[in-house]
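Next comes run-v6.cif, with mmCIF, C-alpha atoms.
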data_data
#
loop_
_atom_site.label_atom_id
_atom_site.label_comp_id
_atom_site.auth_asym_id
_atom_site.auth_seq_id
_atom_site.Cartn_x
_atom_site.Cartn_y
_atom_site.Cartn_z
CA MET A 535 -3.65 -42.56 -5.67
CA ARG A 536 -5.11 -41.50 -2.33
CA ASN A 537 -2.64 -38.64 -2.21
CA LYS A 538 -3.82 -37.43 -5.60
CA LYS A 539 -7.46 -37.66 -4.50
CA ASN A 540 -6.67 -35.64 -1.36
CA ARG A 541 -4.91 -33.02 -3.43
CA ILE A 542 -7.88 -32.64 -5.80
CA ILE A 543 -10.25 -32.36 -2.82
CA LYS A 544 -7.97 -29.69 -1.27
CA ILE A 545 -7.84 -27.66 -4.51
CA LEU A 546 -11.63 -27.89 -4.91
CA ALA A 547 -12.11 -26.82 -1.29
CA VAL A 548 -9.89 -23.76 -1.83
CA LEU A 549 -11.75 -22.82 -5.03
CA PHE A 550 -15.10 -23.23 -3.27
CA ALA A 551 -13.93 -21.03 -0.39
CA VAL A 552 -12.66 -18.41 -2.90
CA ILE A 553 -16.07 -18.24 -4.62
CA LEU A 554 -17.87 -18.11 -1.27
CA ILE A 555 -15.70 -15.24 -0.03
CA VAL A 556 -16.20 -13.23 -3.22
CA LEU A 557 -19.98 -13.73 -2.90
CA ILE A 558 -20.15 -12.52 0.70
CA SER A 559 -17.74 -9.61 0.34
CA SER A 560 -19.99 -7.11 2.14
CA ALA A 561 -20.15 -9.32 5.24
CA ALA A 562 -16.43 -9.91 4.91
CA ARG A 563 -15.79 -6.16 5.26
CA LEU A 564 -17.26 -6.26 8.76
CA VAL A 565 -15.23 -9.35 9.62
CA ARG A 566 -12.02 -7.72 8.47
CA ILE A 567 -12.64 -4.58 10.51
CA ASN A 568 -13.07 -6.78 13.60
CA ILE A 569 -9.97 -8.84 12.82
CA THR A 570 -7.89 -5.67 12.34
CA ASP A 571 -9.28 -4.37 15.64
CA THR A 572 -8.45 -7.58 17.50
CA SER A 573 -4.89 -7.62 16.22
CA THR A 574 -4.29 -3.92 17.05
CA PRO A 575 -2.60 -4.52 20.48
CA VAL A 576 -0.27 -7.14 18.95
CA LEU A 577 0.64 -4.88 16.01
CA LYS A 578 1.14 -1.92 18.34
CA ASN A 579 3.52 -3.87 20.61
CA LEU A 580 5.43 -5.39 17.71
CA ASN A 581 5.78 -1.98 16.10
CA SER A 582 7.20 -0.57 19.35
CA PHE A 583 9.49 -3.60 19.64
CA PHE A 584 10.94 -3.07 16.15
CA GLY A 585 11.31 0.64 16.96
CA LEU A 586 13.18 -0.26 20.17
CA LEU A 587 15.53 -2.58 18.26
CA GLU A 588 16.51 0.31 16.01
CA LYS A 589 17.18 2.54 19.02
CA VAL A 590 19.52 0.01 20.67
CA THR A 591 21.90 0.14 17.69
CA PRO A 592 25.08 2.32 17.96
CA PHE A 593 24.74 6.11 17.65
CA ALA A 594 21.18 5.78 18.88
CA ALA A 595 21.31 9.12 20.72
CA LEU A 596 22.64 10.96 17.66
CA LYS A 597 20.10 9.25 15.45
CA GLU A 598 17.29 10.26 17.80
CA GLU A 599 18.53 13.86 18.00
CA ASN A 600 18.84 13.96 14.22
CA ARG A 601 15.30 12.66 13.86
CA ILE A 602 13.92 15.30 16.27
CA LEU A 603 15.78 18.10 14.46
CA ARG A 604 14.61 16.87 11.08
CA ASP A 605 11.02 16.76 12.33
CA ARG A 606 11.40 20.32 13.62
CA VAL A 607 12.82 21.53 10.28
CA ASP A 608 9.97 19.78 8.45
CA LEU A 609 7.41 21.37 10.72
CA LEU A 610 8.88 24.86 10.30
CA THR A 611 9.17 24.44 6.52
CA ARG A 612 5.53 23.42 6.29
CA MET A 613 4.49 26.29 8.54
CA ALA A 614 6.48 28.76 6.42
CA VAL A 615 4.83 27.53 3.21
CA GLU A 616 1.36 27.53 4.76
CA THR A 617 1.89 30.97 6.33
CA LYS A 618 2.81 32.31 2.90
CA VAL A 619 -0.46 30.88 1.59
CA VAL A 620 -2.40 32.53 4.39
CA ILE A 621 -0.68 35.88 3.68
CA ASP A 622 -1.39 35.52 -0.06
CA ASP A 623 -4.98 34.56 0.72
CA ASN A 624 -5.50 37.54 3.00
CA ALA A 625 -4.03 40.00 0.53
CA ARG A 626 -6.07 38.62 -2.34
CA LEU A 627 -9.34 38.17 -0.48
CA SER A 628 -9.26 41.53 1.32
CA THR A 629 -9.17 43.31 -2.03
CA LEU A 630 -11.90 41.17 -3.56
CA LEU A 631 -14.32 40.04 -0.92
CA ASP A 632 -14.89 40.36 2.75
CA PHE A 633 -14.19 36.73 3.22
CA ARG A 634 -14.13 34.92 6.47
CA LYS A 635 -10.71 33.85 7.71
CA MET A 636 -9.77 30.23 7.36
CA ILE A 637 -11.18 28.18 10.21
CA PRO A 638 -8.39 26.55 12.22
CA TYR A 639 -8.90 22.83 12.70
CA LYS A 640 -8.57 20.50 15.67
CA SER A 641 -6.82 17.16 15.33
CA ILE A 642 -6.38 13.74 16.95
CA PRO A 643 -2.77 12.48 17.03
CA ALA A 644 -2.32 8.80 16.15
CA GLN A 645 0.44 6.28 15.61
CA VAL A 646 0.98 4.20 12.46
CA ILE A 647 0.96 0.52 13.47
CA GLY A 648 0.89 -1.24 10.12
CA ARG A 649 1.15 -0.73 6.40
CA ASP A 650 -0.56 -2.16 3.38
CA PRO A 651 0.69 -5.71 2.73
CA SER A 652 -0.06 -5.45 -0.99
CA ASN A 653 1.71 -3.38 -3.62
CA TRP A 654 -1.59 -2.14 -5.03
CA SER A 655 -3.54 -0.13 -2.56
CA ASN A 656 -1.61 2.34 -0.45
CA SER A 657 -2.95 2.48 3.07
CA LEU A 658 -1.93 2.75 6.71
CA ILE A 659 -3.31 1.07 9.80
CA ILE A 660 -3.61 3.63 12.62
CA ASP A 661 -3.96 2.92 16.35
CA LYS A 662 -7.03 5.11 16.96
CA GLY A 663 -10.63 4.18 16.25
CA SER A 664 -14.21 5.25 16.84
CA SER A 665 -13.66 5.12 20.63
CA THR A 666 -11.33 8.15 20.35
CA GLY A 667 -13.55 10.06 17.95
CA ILE A 668 -12.22 8.92 14.58
CA ARG A 669 -14.84 8.92 11.83
CA THR A 670 -14.72 7.95 8.16
CA ASN A 671 -13.70 10.65 5.69
CA MET A 672 -11.51 12.53 8.19
CA ALA A 673 -8.44 14.04 6.56
CA VAL A 674 -5.09 12.69 7.75
CA MET A 675 -1.92 14.81 7.73
CA SER A 676 1.57 14.82 9.15
CA THR A 677 4.01 17.58 10.05
CA ARG A 678 4.99 17.77 6.36
CA GLY A 679 1.59 17.85 4.72
CA LEU A 680 -1.41 15.83 3.57
CA VAL A 681 -1.30 12.05 4.04
CA GLY A 682 -4.75 10.75 3.09
CA ARG A 683 -8.28 10.09 4.26
CA ILE A 684 -9.84 7.68 6.80
CA VAL A 685 -11.76 4.96 4.99
CA GLU A 686 -12.50 2.13 7.43
CA VAL A 687 -13.01 2.64 11.16
CA GLY A 688 -13.05 -0.01 13.87
CA LYS A 689 -13.39 0.60 17.59
CA LEU A 690 -9.64 0.56 18.29
CA SER A 691 -8.07 1.08 14.89
CA CYS A 692 -8.74 2.53 11.48
CA LYS A 693 -7.37 2.41 7.95
CA ALA A 694 -6.36 5.49 5.98
CA LEU A 695 -6.13 5.57 2.21
CA LEU A 696 -2.98 7.43 1.16
CA ILE A 697 -2.81 10.20 -1.42
CA THR A 698 -0.67 7.91 -3.61
CA ASP A 699 -3.59 5.46 -4.02
CA PRO A 700 -5.41 5.70 -7.38
CA ASN A 701 -8.76 5.40 -5.58
CA LEU A 702 -8.28 8.66 -3.66
CA LYS A 703 -9.21 11.93 -5.32
CA VAL A 704 -8.42 15.35 -3.88
CA GLY A 705 -9.33 18.79 -5.20
CA VAL A 706 -6.07 20.74 -5.40
CA LEU A 707 -4.74 24.23 -6.13
CA ILE A 708 -1.36 25.14 -7.56
CA ARG A 709 -0.09 27.81 -5.17
CA ARG A 710 1.70 30.08 -7.69
CA ASN A 711 -1.11 30.57 -10.21
CA ARG A 712 -4.21 29.40 -8.24
CA GLN A 713 -4.92 26.88 -11.00
CA GLY A 714 -7.26 24.10 -9.84
CA GLY A 715 -7.28 20.40 -10.66
CA ILE A 716 -8.11 16.97 -9.34
CA MET A 717 -5.33 14.88 -7.89
CA THR A 718 -5.29 11.11 -7.77
CA GLY A 719 -2.69 8.49 -6.82
CA TRP A 720 -0.19 7.21 -9.35
CA PRO A 721 2.02 4.07 -9.50
CA GLY A 722 5.50 4.45 -8.06
CA GLY A 723 4.57 6.53 -4.99
CA ARG A 724 3.59 9.62 -6.99
CA CYS A 725 0.32 11.52 -7.58
CA LYS A 726 -1.19 12.85 -10.80
CA ILE A 727 -3.13 16.08 -11.24
CA ILE A 728 -5.69 15.77 -14.01
CA TYR A 729 -7.99 18.28 -15.75
CA ILE A 730 -5.48 21.15 -15.88
CA SER A 731 -6.47 23.51 -18.70
CA LEU A 732 -4.17 23.69 -21.73
CA ASP A 733 -3.41 27.42 -21.32
CA SER A 734 -2.27 27.02 -17.72
CA ASP A 735 1.42 27.75 -17.08
CA VAL A 736 2.00 24.92 -14.59
CA ARG A 737 5.72 24.30 -14.10
CA PRO A 738 7.87 21.67 -12.39
CA GLY A 739 8.69 22.91 -8.89
CA ASP A 740 5.26 24.47 -8.27
CA LYS A 741 3.86 23.76 -4.80
CA VAL A 742 0.43 22.12 -4.63
CA MET A 743 -2.10 22.51 -1.80
CA THR A 744 -5.57 21.23 -1.03
CA ALA A 745 -8.31 23.35 -2.60
CA GLY A 746 -10.83 22.81 0.20
CA PHE A 747 -13.65 21.75 -2.15
CA GLY A 748 -16.05 19.31 -0.52
CA SER A 749 -16.13 18.46 3.15
CA VAL A 750 -13.14 16.15 3.58
CA PHE A 751 -9.92 18.14 3.19
CA PRO A 752 -9.44 21.61 4.73
CA LYS A 753 -8.07 24.28 2.42
CA GLY A 754 -4.37 25.10 2.20
CA ILE A 755 -2.67 21.89 3.35
CA LEU A 756 0.61 21.30 1.51
CA ILE A 757 0.59 18.14 -0.64
CA GLY A 758 3.81 18.25 -2.62
CA GLU A 759 5.71 19.62 -5.56
CA ILE A 760 5.16 19.19 -9.31
CA GLU A 761 7.80 17.01 -10.91
CA LYS A 762 6.66 16.76 -14.52
CA VAL A 763 4.01 18.34 -16.75
CA GLY A 764 2.55 16.83 -19.93
CA LYS A 765 -0.46 16.84 -22.25
CA GLU A 766 -3.02 14.03 -22.12
CA GLU A 767 -3.08 12.27 -25.49
CA GLY A 768 -6.35 12.85 -27.33
CA ARG A 769 -7.70 15.13 -24.60
CA LEU A 770 -7.96 18.86 -24.11
CA TYR A 771 -6.20 18.84 -20.78
CA LYS A 772 -2.74 18.85 -19.31
CA TYR A 773 -1.60 16.61 -16.51
CA ALA A 774 1.11 16.99 -13.88
CA ILE A 775 2.99 14.34 -11.90
CA LEU A 776 3.47 15.37 -8.31
CA LYS A 777 5.98 14.20 -5.71
CA PRO A 778 4.43 14.13 -2.21
CA SER A 779 6.10 16.40 0.34
CA GLN A 780 7.05 13.38 2.44
CA ASP A 781 8.06 9.76 2.13
CA LEU A 782 4.74 8.10 2.98
CA SER A 783 6.36 4.72 3.56
CA ARG A 784 8.23 6.05 6.60
CA LEU A 785 5.43 7.79 8.46
CA GLU A 786 5.26 7.08 12.19
CA GLU A 787 2.77 9.59 13.58
CA VAL A 788 -0.15 11.32 11.90
CA LEU A 789 -2.89 13.80 12.76
CA CYS A 790 -6.55 13.09 12.00
CA ILE A 791 -8.32 16.38 11.33
CA ILE A 792 -11.66 17.15 12.96
CA ARG A 793 -13.72 19.58 10.90
CA MET B 879 7.39 -30.40 6.01
CA ASN B 880 5.31 -30.31 9.12
CA ARG B 881 2.33 -28.03 9.55
CA TYR B 882 3.89 -26.10 12.45
CA SER B 883 6.85 -24.92 10.42
CA PHE B 884 4.50 -23.89 7.56
CA TYR B 885 2.42 -21.75 9.91
CA ILE B 886 5.45 -20.29 11.74
CA ILE B 887 7.02 -19.23 8.43
CA SER B 888 3.66 -17.84 7.29
CA ILE B 889 3.12 -15.76 10.45
CA ALA B 890 6.69 -14.41 10.30
CA ALA B 891 6.18 -13.50 6.63
CA PHE B 892 2.84 -11.75 7.41
CA LEU B 893 4.43 -9.60 10.09
CA ILE B 894 7.46 -8.70 7.97
CA GLN B 895 5.18 -7.80 5.04
CA LEU B 896 2.92 -5.69 7.28
CA LEU B 897 5.50 -3.92 9.44
CA LEU B 898 8.90 -3.83 7.77
CA LEU B 899 8.87 -4.11 3.98
CA ASP B 900 7.73 -0.52 3.41
CA HIS B 901 11.08 0.59 4.82
CA ILE B 902 12.92 -0.99 1.89
CA LYS B 903 10.72 0.48 -0.83
CA ILE B 904 12.61 1.60 -3.94
CA ALA B 905 10.84 4.03 -6.31
CA GLY B 906 7.48 3.17 -4.74
CA ALA B 907 7.90 -0.60 -5.19
CA LYS B 908 8.45 -3.17 -2.47
CA PRO B 909 9.08 -6.91 -2.75
CA ASP B 910 6.15 -9.25 -2.15
CA LEU B 911 7.28 -11.86 0.34
CA LEU B 912 3.92 -13.62 0.24
CA VAL B 913 3.95 -14.16 -3.54
CA LEU B 914 7.50 -15.48 -3.18
CA LEU B 915 6.38 -18.00 -0.52
CA VAL B 916 3.34 -19.13 -2.55
CA VAL B 917 5.68 -19.87 -5.47
CA PHE B 918 8.14 -21.66 -3.16
CA PHE B 919 5.50 -23.91 -1.60
CA ALA B 920 3.91 -24.59 -5.00
CA ILE B 921 7.24 -25.47 -6.65
CA PHE B 922 8.50 -27.79 -3.92
CA PHE B 923 5.30 -29.13 -2.32
CA GLY B 924 2.84 -29.25 -5.22
CA PRO B 925 -0.42 -27.54 -6.19
CA GLY B 926 -2.30 -28.58 -3.02
CA ILE B 927 0.01 -26.74 -0.62
CA GLY B 928 0.48 -23.99 -3.23
CA ALA B 929 -3.28 -23.39 -3.33
CA GLU B 930 -3.50 -23.50 0.47
CA ALA B 931 -0.65 -21.00 0.87
CA GLY B 932 -2.17 -18.77 -1.85
CA PHE B 933 -5.55 -18.84 -0.15
CA ILE B 934 -4.20 -18.05 3.35
CA TYR B 935 -1.85 -15.30 2.16
CA GLY B 936 -4.56 -13.82 -0.08
CA LEU B 937 -6.98 -13.79 2.84
CA PHE B 938 -4.38 -12.03 4.99
CA LYS B 939 -3.77 -9.41 2.29
CA ASP B 940 -7.51 -8.82 1.89
CA ILE B 941 -7.97 -8.36 5.64
CA TYR B 942 -5.15 -5.88 6.17
CA SER B 943 -5.35 -3.87 2.94
CA LEU B 944 -8.12 -1.69 1.53
CA ASP B 945 -8.43 -3.78 -1.61
CA LEU B 946 -11.80 -5.15 -2.60
CA PHE B 947 -12.35 -8.28 -0.51
CA GLY B 948 -11.41 -11.41 -2.47
CA VAL B 949 -9.26 -9.61 -5.01
CA ASN B 950 -6.06 -11.09 -3.54
CA ILE B 951 -7.41 -14.52 -2.62
CA VAL B 952 -8.45 -15.39 -6.19
CA PRO B 953 -5.17 -14.63 -8.04
CA LEU B 954 -2.92 -15.97 -5.27
CA SER B 955 -4.83 -19.27 -5.00
CA LEU B 956 -4.77 -19.64 -8.79
CA LEU B 957 -1.06 -18.83 -8.78
CA GLY B 958 -0.40 -21.59 -6.23
CA ILE B 959 -2.32 -24.13 -8.32
CA ILE B 960 -0.84 -23.16 -11.71
CA THR B 961 2.77 -22.98 -10.45
CA GLY B 962 2.36 -26.28 -8.60
CA VAL B 963 0.98 -28.04 -11.68
CA LEU B 964 3.63 -26.62 -14.03
CA SER B 965 6.73 -26.92 -11.85
CA PRO B 966 7.29 -30.74 -12.12
CA LYS B 967 7.71 -30.20 -15.87
CA LEU B 968 10.55 -27.73 -15.21
CA PHE B 969 14.02 -28.12 -13.71
CA ARG B 970 12.93 -26.59 -10.41
CA GLU B 971 16.32 -26.95 -8.67
CA SER B 972 17.86 -24.42 -11.07
CA ARG B 973 18.28 -20.95 -9.59
CA LEU B 974 17.45 -19.39 -12.95
CA THR B 975 14.19 -21.37 -13.19
CA GLN B 976 13.22 -20.30 -9.67
CA LEU B 977 14.09 -16.67 -10.43
CA LEU B 978 12.03 -16.69 -13.64
CA LEU B 979 9.11 -18.50 -11.98
CA VAL B 980 8.96 -15.94 -9.17
CA PHE B 981 9.22 -13.03 -11.62
CA ILE B 982 6.57 -14.38 -14.02
CA SER B 983 4.24 -15.41 -11.17
CA SER B 984 4.49 -11.97 -9.58
CA VAL B 985 3.78 -10.22 -12.91
CA LEU B 986 0.82 -12.57 -13.59
CA TYR B 987 -0.60 -12.07 -10.09
CA MET B 988 -0.47 -8.30 -10.42
CA ILE B 989 -1.95 -8.30 -13.93
CA ILE B 990 -4.86 -10.52 -12.77
CA HIS B 991 -5.28 -8.22 -9.76
CA TYR B 992 -5.34 -5.17 -12.07
CA PHE B 993 -8.03 -6.65 -14.34
CA VAL B 994 -10.20 -7.92 -11.47
CA SER B 995 -9.99 -4.53 -9.68
CA SER B 996 -10.64 -2.42 -12.74
CA LEU B 997 -13.51 -4.67 -13.91
CA ILE B 998 -15.26 -4.60 -10.55
CA LEU B 999 -14.37 -1.13 -9.24
CA LYS B 1000 -14.18 0.50 -12.69
CA ILE B 1001 -11.88 3.20 -11.36
CA SER B 1002 -8.32 3.28 -12.45
CA TYR B 1003 -6.72 6.42 -13.74
CA ALA B 1004 -3.55 4.61 -14.79
CA THR B 1005 -3.51 2.25 -17.75
CA LEU B 1006 -1.97 -1.24 -17.69
CA PRO B 1007 1.24 -0.11 -19.49
CA GLU B 1008 1.62 2.68 -16.90
CA TYR B 1009 1.13 0.21 -14.07
CA LEU B 1010 3.53 -2.21 -15.77
CA THR B 1011 6.38 0.29 -15.92
CA GLY B 1012 5.58 2.12 -12.67
CA LEU B 1013 4.74 -0.76 -10.36
CA ILE B 1014 4.35 -4.30 -11.73
CA LEU B 1015 7.79 -4.78 -13.32
CA PRO B 1016 9.86 -3.01 -10.62
CA SER B 1017 8.19 -4.84 -7.72
CA SER B 1018 8.27 -8.21 -9.54
CA PHE B 1019 11.96 -7.71 -10.27
CA TYR B 1020 12.54 -6.82 -6.62
CA THR B 1021 10.64 -9.94 -5.47
CA ALA B 1022 12.60 -12.14 -7.90
CA MET B 1023 15.90 -10.73 -6.58
CA LEU B 1024 14.79 -11.47 -3.03
CA SER B 1025 14.14 -15.09 -4.04
CA LEU B 1026 17.87 -15.45 -4.79
CA ILE B 1027 18.53 -14.90 -1.08
CA LEU B 1028 15.48 -16.59 0.45
CA PHE B 1029 15.07 -19.73 -1.67
CA PRO B 1030 18.46 -21.25 -0.67
CA VAL B 1031 17.63 -20.53 3.01
CA LEU B 1032 14.19 -22.17 2.71
CA ILE B 1033 15.52 -25.11 0.68
CA ASN B 1034 18.19 -25.65 3.32
CA ARG B 1035 15.59 -25.29 6.09
CA TYR B 1036 13.42 -28.01 4.58
CA ARG B 1037 16.45 -30.06 3.37
CA LEU B 1038 14.72 -30.53 0.06
CA LYS B 1039 16.12 -33.18 -2.24
CA GLU B 1040 15.13 -34.25 -5.69
CA ASN B 1041 12.39 -36.93 -5.72
CA ALA B 1042 11.95 -36.74 -1.94
CA GLU B 1043 8.50 -37.23 -0.48
CA TYR B 1044 8.05 -33.77 0.98
CA LEU B 1045 4.71 -34.14 2.65
#

Written form, structure tokens:
Amino acid sequence: MRNKKNRIIKILAVLFAVILIVLISSAARLVRINITDTSTPVLKNLNSFFGLLEKVTPFAALKEENRILRDRVDLLTRMAVETKVVIDDNARLSTLLDFRKMIPYKSIPAQVIGRDPSNWSNSLIIDKGSSTGIRTNMAVMSTRGLVGRIVEVGKLSCKALLITDPNLKVGVLIRRNRQGGIMTGWPGGRCKIIYISLDSDVRPGDKVMTAGFGSVFPKGILIGEIEKVGKEEGRLYKYAILKPSQDLSRLEEVLCIIR
Amino acid sequence: MNRYSFYIISIAAFLIQLLLLDHIKIAGAKPDLLVLLVVFFAIFFGPGIGAEAGFIYGLFKDIYSLDLFGVNIVPLSLLGIITGVLSPKLFRESRLTQLLLVFISSVLYMIIHYFVSSLILKISYATLPEYLTGLILPSSFYTAMLSLILFPVLINRYRLKENAEYL
């Protein structure tokens, strides 16, 4: 009997706490930034520890060498694609307008120390915060292309929303035909480009880059490749499903862009 | 079950969920260890512990993700209570029952999460059927499969027997 009474009290206490937390969600945001900050050293050390465990396994040297070479290939591939864009841009702009050259951007390197525990939002916890110059709305990229945008900043850590999250929107350009669109995250680790006009000849395999609209993402950063194109039912637009240029679940280091 | 083992298992599960589970993602879906544990505690220890586990794990998810605060606490706490209330009416020692309970609970949790998020945030470019096929069903299936490995380990750890006084 007493046990049952205790159980009911416990359930009511949990429900009360749930309601209270939902009511004070704005204050809770501050609390969670501080909790994430406090746990940053622990997460950083644990992350290094798990990394060390992987390195102790056999063929560690070969694995490491392979990883370095892969990173180098990725970097060169991205540079080749982006250089092509710059060449295209120069050729096109010099005949049309006396446009200023693209402004090169500075960046802050950071390490990924945690990932989103839920299946819903796609985010990363990064080991740099406001003390190293990180601000909200900075673009985040890796050696293979665009990763996301900084959303929450603590003193020692920050959270970045990934391009595969449905709450992130990026203005994009399809490199081959300069067709614009808006990209948003899509379930299953993909992205979706919406508002593509019906007469556009978007094709699977087309490379997609940032358009540089707004003040968050610099122009010309590689995002990924179109996998599938379709027509929105009941709408006068096409859509395209895009595969990001990298596996975002395996990112280790990122660059936060200063504009 | 003593409190220490509950908290040790919970902390281990938090860290695995936060640091390691992204490495075993398949087609963008990863298993949800925390939903699996809420269902386990609710099935074998009743709605009180189920609600407590749901609340703590939901709070953890809300702190470390970019979800709207409270959007994980509510469905996970409810899941703990509902599974705990329903499970005595089922043959909970059956592997098939456990598998189905984990699968259904995970699907329910994600559907509640979808509705709460889209009602409050009002921004979702994917519809529920698209989420179902792209995320909810694959990750729930993955979580249910993981329960086949983890439930026997946890049952053995707690030496659970039918009609035993667990708490």

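Using all atoms listed in the file, the shortest contact distance between Val750 (chain A) and any of A:Ile660, A:Ile791, A:Val565, A:Leu549 is found at A:Ile791.
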
Exercise. Which of these, B:Ile889, B:Val916, B:Val952, B:Leu937, has the shortest distance to chain A once you count all atoms listed in the file?
Worked result: B:Val952

For this session: Pull out every residue of chain A that has at least one atom within 7 Å of chain B, counting all atoms listed in the file, and report them as an MDAnalysis selection string.
Result: chainID A and resid 541 544:545 548 552 555:556 559 562 566 570 581 648:653 655 657 700:701 720:723 783:784

For this session: Have a look at CA of Ala1022 (chain B) and CA of Leu658 (chain A) and let me know their distance in Å, one decimal.
Result: 25.4 Å

For this session: Please identify all polymer residues within 7 Å of Val980 (chain B), counting only C-alpha atoms, omitting same-chain residues fewer than 3 positions from it, and present them as a list in words.
Result: Leu914, Val917, Gln976, Leu977, Ser983, Ser984 and Ala1022 of chain B

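The coordinates place CA of Asp781 (chain A) at 24.8 Å from CA of Leu1006 (chain B).
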
For this session: One decimal, Å: what's the distance from CA of Gly754 (chain A) over to CA of Val788 (chain A), could you say?
Result: 17.4 Å

For this session: Please evaluate the PyMOL selection byres ((chain A and resi 762) around 6) against the displayed coordinates and give the resulting residues as a PyMOL selection string.
Result: chain A and resi 738+760-761+763+774-775

Problem set entry | Counting all atoms listed in the file, the option among A:Gly679, A:Gly688, A:Gly739, A:Pro778 closest to Gly667 (chain A) |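 Answer, going by the shortest atom-to-atom distance: A:Gly688.
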
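Using all atoms listed in the file, every residue with an atom at most 6 Å from the point (-2.9, 4.4, 11.6) is listed here: Gln645, Val646, Ile647, Leu658, Ile659, Ile660 and Asp661 of chain A.
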
Exercise. Of the candidates A:Ala644, A:Leu690, A:Ile697, A:Val706, which shows the shortest atom-to-atom distance to Thr574 (chain A), using only C-alpha atoms?
Worked result: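 Among the listed residues, A:Leu690 lies closest to Thr574 (chain A).
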
Find the residues around Arg669 (chain A) up to 8 Å (only C-alpha atoms counted), leave out those fewer than 5 positions away in its own chain, and share them as a short mmCIF file (atom, residue, chain, number, x, y, z; two decimals) with C-alpha atoms, keeping the file's coordinate frame.
data_model
loop_
_atom_site.label_atom_id
_atom_site.label_comp_id
_atom_site.auth_asym_id
_atom_site.auth_seq_id
_atom_site.Cartn_x
_atom_site.Cartn_y
_atom_site.Cartn_z
CA GLY A 663 -10.63 4.18 16.25
CA SER A 664 -14.21 5.25 16.84
CA ILE A 684 -9.84 7.68 6.80
CA VAL A 687 -13.01 2.64 11.16
#

Exercise. Please, which residues are within 10 Å of (3.2, -26.0, -12.8) by the file's coordinates, counting only C-alpha atoms, and could they come as a VMD selection string?
Worked result: chain B and resid 917 920 to 921 924 to 925 957 to 968 979

Taking all atoms of region 1025-1033 of chain B that appear in the file, build a box with edges along x, y and z, extend it by 4 Å on every side, and state its centre and edge lengths in Å to one decimal, as lines of an AutoDock Vina configuration file.
center_x = 16.3
center_y = -20.0
center_z = -0.9
size_x = 12.4
size_y = 18.2
size_z = 15.8

Output region 1005-1016 of chain B from the block with N, CA and C atoms, as a short mmCIF file (atom, residue, chain, number, x, y, z; two decimals), in the first residue's frame?
data_model
loop_
_atom_site.label_atom_id
_atom_site.label_comp_id
_atom_site.auth_asym_id
_atom_site.auth_seq_id
_atom_site.Cartn_x
_atom_site.Cartn_y
_atom_site.Cartn_z
N THR B 1005 7.41 15.73 -43.95
CA THR B 1005 6.13 15.35 -43.37
C THR B 1005 6.33 14.12 -42.49
N LEU B 1006 5.29 13.77 -41.71
CA LEU B 1006 5.42 12.60 -40.82
C LEU B 1006 5.73 11.32 -41.61
N PRO B 1007 5.03 11.04 -42.75
CA PRO B 1007 5.39 9.83 -43.50
C PRO B 1007 6.85 9.81 -43.95
N GLU B 1008 7.37 11.00 -44.31
CA GLU B 1008 8.78 11.07 -44.74
C GLU B 1008 9.71 10.79 -43.56
N TYR B 1009 9.35 11.35 -42.39
CA TYR B 1009 10.15 11.06 -41.20
C TYR B 1009 10.05 9.58 -40.82
N LEU B 1010 8.82 9.04 -40.98
CA LEU B 1010 8.61 7.62 -40.62
C LEU B 1010 9.55 6.72 -41.41
N THR B 1011 9.56 6.92 -42.73
CA THR B 1011 10.37 6.03 -43.56
C THR B 1011 11.86 6.38 -43.48
N GLY B 1012 12.17 7.67 -43.33
CA GLY B 1012 13.58 8.08 -43.37
C GLY B 1012 14.30 7.97 -42.04
N LEU B 1013 13.55 8.07 -40.93
CA LEU B 1013 14.23 8.13 -39.64
C LEU B 1013 13.58 7.28 -38.55
N ILE B 1014 12.26 7.44 -38.36
CA ILE B 1014 11.61 6.82 -37.20
C ILE B 1014 11.68 5.29 -37.26
N LEU B 1015 11.25 4.71 -38.38
CA LEU B 1015 11.24 3.24 -38.47
C LEU B 1015 12.65 2.64 -38.49
N PRO B 1016 13.59 3.19 -39.30
CA PRO B 1016 14.94 2.59 -39.26
C PRO B 1016 15.59 2.65 -37.88
#
